[in-house]
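A.B. asks: Encoded as structure tokens, here's the structure I'll be asking about.
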Amino acid sequence: LEGAMSPEIQFNGLTVGDTYYLKVGATVNTTNSTLWVFSPAANDECVDAVLLPVQTSDITYTEGNTYGATQSLPQNCGGVPKDVWYSFTATGTRHLLELVRAITPDITRVEVYSGACGALTSILCQQAAYAPTNITGLTPGATYHIRVHGNGSDPIGFRLAVRVPMVNDECDGAIALPFSSLADYASIQALNNTEAQDGSGTCDAYRDLWYRFT
């Protein structure tokens with residue numbers, strides 16, 4: 001219920017197929033509110049994790065939220081872990097996780113685990129940032145789990161996707177620049193750094209890509 005002091009109201013013990021009525025009022029003369037009714041997240045537990053494809057281009061996001069979610073594991077990544085779960089099967093040793101908030105609050109936390117549900121090992125724990133989250137040390141063919149939750153007690157909404165990194169996102173993948181004159185410019189593949197990971201070092205590089213020449 002948008003505009004209310006307690007926006008999330010849970011109704012338990014409902015009977016499938018029955019009709020229920022909601023009466024909405026206010027303690028002031030007028031008020032503006034928006035009302036939604038929907039089922040709680042089906043991926044509230046690790047065993048019900050939503051499988052995410054590892055994408056290469058034209059990224060399609062999966063929408064998610066923590067409305068009605070409960071805490072699955074002890075707090076390990078900060079915040080209040082009313083969490084939901086996702087999984088992916090690695091296709092390489094490094095992937096990028098795109099996680100963008102959809103509604104307030106703006107702090108979203110993400111934790112990545114190796115292993116199976118009930119025997120998980122945390123390999124990454126951080127606050128999701130505007131730039132993609134870099135997941136390294138992966139084993140191709142292995143399944144990994146992603147735990148998403150907010151920083152406070154309020155539910156969060158977000159969208160996420162797992163993708164392969166750009167080929168020249170790191171120094172060891174630097175693309176050779178073969179042209180020897182401006183006339184060869186048109187033959188070089190155009191790339192966009194919006195899908196690159198933030199770099200490190202003294203230059204404070206933001207979403208950098210790598211090239212090399214001899």
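If you're wondering about the labels, chains in the structure tokens are A, B, ... by order shown, residues count from 1 in each chain, ligands from 1 in order shown.
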When you look at range 58-64 of chain A with a cut-off of 10 Å (counting only C-alpha atoms), what residues show up, excluding the ones that are within fewer than 4 positions of it in the same chain? I need them as an mmCIF file with C-alpha atoms, in the first residue's frame.
C.D. replies:
data_model
loop_
_atom_site.group_PDB
_atom_site.id
_atom_site.type_symbol
_atom_site.label_atom_id
_atom_site.label_comp_id
_atom_site.auth_asym_id
_atom_site.auth_seq_id
_atom_site.Cartn_x
_atom_site.Cartn_y
_atom_site.Cartn_z
ATOM 1 C CA ALA A 41 8.140 -14.295 -3.465
ATOM 2 C CA ASN A 43 12.052 -18.040 -4.168
ATOM 3 C CA VAL A 50 15.169 -18.965 -9.622
ATOM 4 C CA LEU A 51 17.622 -20.109 -12.298
ATOM 5 C CA LEU A 52 19.233 -17.206 -14.168
ATOM 6 C CA PRO A 53 20.770 -17.759 -17.612
ATOM 7 C CA VAL A 54 24.327 -16.547 -18.201
ATOM 8 C CA VAL A 84 15.268 -14.204 -1.879
ATOM 9 C CA TRP A 85 17.371 -16.619 -3.918
ATOM 10 C CA TYR A 86 18.663 -17.087 -7.456
ATOM 11 C CA GLU A 98 23.976 -6.760 -12.826
ATOM 12 C CA LEU A 99 21.685 -5.826 -9.926
ATOM 13 C CA VAL A 100 19.693 -2.593 -10.107
ATOM 14 C CA ARG A 101 17.187 -1.360 -7.524
ATOM 15 C CA ALA A 102 13.644 -0.843 -8.776
ATOM 16 C CA VAL A 148 19.565 -10.790 -2.349
ATOM 17 C CA ILE A 156 12.953 -4.022 -1.753
ATOM 18 C CA GLY A 157 12.389 -4.383 -5.489
ATOM 19 C CA PHE A 158 15.159 -4.950 -8.022
ATOM 20 C CA ARG A 159 16.114 -6.469 -11.364
ATOM 21 C CA LEU A 160 19.133 -8.631 -12.006
ATOM 22 C CA ALA A 161 21.033 -10.552 -14.653
ATOM 23 C CA VAL A 162 24.215 -12.624 -14.897
ATOM 24 C CA ARG A 163 26.400 -12.149 -17.960
ATOM 25 C CA GLU A 195 28.929 -3.254 -19.643
#
A.B. asks: Give the helix (DSSP H, G or I) residues of range 20-214 of chain A, as assigned by DSSP on the backbone, as a JSON list (two decimals) with N, CA and C atoms, in the first residue's frame.
C.D. replies:
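Resulting contents of part.json:
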[["chain", "number", "residue", "atom", "x", "y", "z"],
["A", 46, "CYS", "N", 16.55, -21.18, -0.43],
["A", 46, "CYS", "CA", 17.59, -21.57, -1.37],
["A", 46, "CYS", "C", 17.13, -22.66, -2.33],
["A", 47, "VAL", "N", 16.37, -23.64, -1.82],
["A", 47, "VAL", "CA", 15.94, -24.76, -2.66],
["A", 47, "VAL", "C", 14.96, -24.32, -3.75],
["A", 48, "ASP", "N", 14.38, -23.13, -3.60],
["A", 48, "ASP", "CA", 13.43, -22.61, -4.60],
["A", 48, "ASP", "C", 14.06, -21.51, -5.45],
["A", 171, "CYS", "N", 43.14, -6.60, -18.40],
["A", 171, "CYS", "CA", 44.36, -6.40, -19.17],
["A", 171, "CYS", "C", 44.72, -7.62, -20.02],
["A", 172, "ASP", "N", 44.52, -8.85, -19.48],
["A", 172, "ASP", "CA", 44.92, -10.03, -20.24],
["A", 172, "ASP", "C", 44.04, -10.29, -21.45],
["A", 173, "GLY", "N", 42.94, -9.54, -21.58],
["A", 173, "GLY", "CA", 42.08, -9.68, -22.76],
["A", 173, "GLY", "C", 42.18, -8.49, -23.69],
["A", 182, "LEU", "N", 44.81, 6.35, -40.14],
["A", 182, "LEU", "CA", 43.42, 6.67, -39.88],
["A", 182, "LEU", "C", 42.49, 6.04, -40.89],
["A", 183, "ALA", "N", 43.00, 5.67, -42.05],
["A", 183, "ALA", "CA", 42.17, 5.06, -43.08],
["A", 183, "ALA", "C", 41.66, 3.69, -42.64],
["A", 184, "ASP", "N", 42.34, 3.05, -41.69],
["A", 184, "ASP", "CA", 41.92, 1.73, -41.22],
["A", 184, "ASP", "C", 40.91, 1.80, -40.08],
["A", 185, "TYR", "N", 40.52, 3.00, -39.68],
["A", 185, "TYR", "CA", 39.64, 3.19, -38.52],
["A", 185, "TYR", "C", 38.33, 2.42, -38.66],
["A", 186, "ALA", "N", 37.74, 2.43, -39.87],
["A", 186, "ALA", "CA", 36.42, 1.85, -40.08],
["A", 186, "ALA", "C", 36.40, 0.34, -39.87],
["A", 187, "SER", "N", 37.54, -0.33, -39.93],
["A", 187, "SER", "CA", 37.57, -1.79, -39.79],
["A", 187, "SER", "C", 37.65, -2.26, -38.35],
["A", 193, "ASN", "N", 31.46, 0.78, -23.37],
["A", 193, "ASN", "CA", 31.97, 0.43, -22.04],
["A", 193, "ASN", "C", 30.90, 0.39, -20.96],
["A", 194, "THR", "N", 29.61, 0.52, -21.33],
["A", 194, "THR", "CA", 28.56, 0.50, -20.31],
["A", 194, "THR", "C", 28.46, -0.86, -19.63],
["A", 195, "GLU", "N", 28.98, -1.92, -20.24],
["A", 195, "GLU", "CA", 28.93, -3.25, -19.64],
["A", 195, "GLU", "C", 30.26, -3.66, -19.03]]
A.B. asks: Tell me, in Å to one decimal, how far CA of Pro178 in chain A is from CA of Asn134 in chain A.
C.D. replies: 29.4 Å
A.B. asks: Using only C-alpha atoms, which residues sit within 6 Å of Thr108 in chain A once same-chain residues fewer than 4 positions away are excluded, as a list in words?
C.D. replies: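 Residues near the query, excluding close chain neighbours: Gln127, Ala128 and Gly150 of chain A.
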A.B. asks: Taking only C-alpha atoms into account, name the residue in A:Glu170, A:Pro74, A:Ser33, A:Ser39 that is nearest to Val16 in chain A.
C.D. replies: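 For Val16 in chain A, the nearest of the given residues is A:Ser39.
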A.B. asks: Applying 9 Å and only C-alpha atoms, which residues near Ala116 in chain A remain after dropping the ones on its own chain fewer than 3 positions away? List them as number ranges by chain.
C.D. replies: A: 46-47, 113, 119-121, 143-145
A.B. asks: Could you write out the selected residues, including N, CA, C and O atoms, as a PDB file, in the first residue's frame?
C.D. replies:
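Once written, result.pdb looks like this:
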ATOM      1  N   CYS A  46      16.548 -21.178  -0.431  1.00  0.00           N
ATOM      2  CA  CYS A  46      17.593 -21.573  -1.372  1.00  0.00           C
ATOM      3  C   CYS A  46      17.126 -22.663  -2.332  1.00  0.00           C
ATOM      4  O   CYS A  46      17.434 -22.635  -3.525  1.00  0.00           O
ATOM      5  N   VAL A  47      16.367 -23.635  -1.820  1.00  0.00           N
ATOM      6  CA  VAL A  47      15.935 -24.759  -2.663  1.00  0.00           C
ATOM      7  C   VAL A  47      14.959 -24.323  -3.750  1.00  0.00           C
ATOM      8  O   VAL A  47      14.721 -25.065  -4.706  1.00  0.00           O
ATOM      9  N   TYR A 113      27.179 -17.687  -3.329  1.00  0.00           N
ATOM     10  CA  TYR A 113      27.640 -18.894  -2.654  1.00  0.00           C
ATOM     11  C   TYR A 113      28.000 -19.973  -3.668  1.00  0.00           C
ATOM     12  O   TYR A 113      27.364 -20.110  -4.716  1.00  0.00           O
ATOM     13  N   ALA A 119      24.705 -26.615   2.359  1.00  0.00           N
ATOM     14  CA  ALA A 119      26.166 -26.728   2.503  1.00  0.00           C
ATOM     15  C   ALA A 119      26.825 -25.635   1.665  1.00  0.00           C
ATOM     16  O   ALA A 119      27.698 -25.902   0.844  1.00  0.00           O
ATOM     17  N   LEU A 120      26.382 -24.393   1.874  1.00  0.00           N
ATOM     18  CA  LEU A 120      26.844 -23.266   1.068  1.00  0.00           C
ATOM     19  C   LEU A 120      28.113 -22.647   1.640  1.00  0.00           C
ATOM     20  O   LEU A 120      28.315 -22.621   2.849  1.00  0.00           O
ATOM     21  N   THR A 121      28.950 -22.119   0.745  1.00  0.00           N
ATOM     22  CA  THR A 121      30.148 -21.376   1.122  1.00  0.00           C
ATOM     23  C   THR A 121      30.101 -20.007   0.468  1.00  0.00           C
ATOM     24  O   THR A 121      29.987 -19.907  -0.760  1.00  0.00           O
ATOM     25  N   THR A 143      27.210 -24.909 -10.254  1.00  0.00           N
ATOM     26  CA  THR A 143      26.059 -24.065  -9.942  1.00  0.00           C
ATOM     27  C   THR A 143      26.377 -23.194  -8.730  1.00  0.00           C
ATOM     28  O   THR A 143      26.925 -23.684  -7.734  1.00  0.00           O
ATOM     29  N   TYR A 144      26.016 -21.920  -8.833  1.00  0.00           N
ATOM     30  CA  TYR A 144      26.232 -20.960  -7.750  1.00  0.00           C
ATOM     31  C   TYR A 144      24.900 -20.328  -7.363  1.00  0.00           C
ATOM     32  O   TYR A 144      24.001 -20.184  -8.209  1.00  0.00           O
ATOM     33  N   HIS A 145      24.780 -19.947  -6.100  1.00  0.00           N
ATOM     34  CA  HIS A 145      23.544 -19.351  -5.599  1.00  0.00           C
ATOM     35  C   HIS A 145      23.760 -17.888  -5.243  1.00  0.00           C
ATOM     36  O   HIS A 145      24.822 -17.506  -4.738  1.00  0.00           O
TER      37      HIS A 145
END
A.B. asks: Please report the interatomic distance between CA of Thr133 in chain A and CA of Asp169 in chain A in Å with one decimal.
C.D. replies: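 Taking CA of Thr133 in chain A and CA of Asp169 in chain A, their separation equals 12.9 Å.
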A.B. asks: Mind the document's chain letters and residue numbers, and return as an MDAnalysis selection string the residues of range 48-102 of chain A that DSSP labels strand (DSSP E).
C.D. replies: chainID A and resid 50:51 54:55 62:65 80:89 95:101
A.B. asks: Quick one: pull the distance between CA of Arg109 in chain A and CA of Thr66 in chain A, Å, one decimal.
C.D. replies: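 Value for the CA of Arg109 in chain A-CA of Thr66 in chain A distance: 11.9 Å.
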A.B. asks: List the neighbours of range 166-168 of chain A out to 7 Å using only C-alpha atoms; skip same-chain residues closer than 3 positions along the sequence, and give me the result as a PyMOL selection string.
C.D. replies: chain A and resi 171+173-175+196+209-210
A.B. asks: Counting only C-alpha atoms, which residue out of A:Asp208, A:Leu35, A:Arg147, A:Ala176 sits closest to Thr70 in chain A?
C.D. replies: A:Arg147
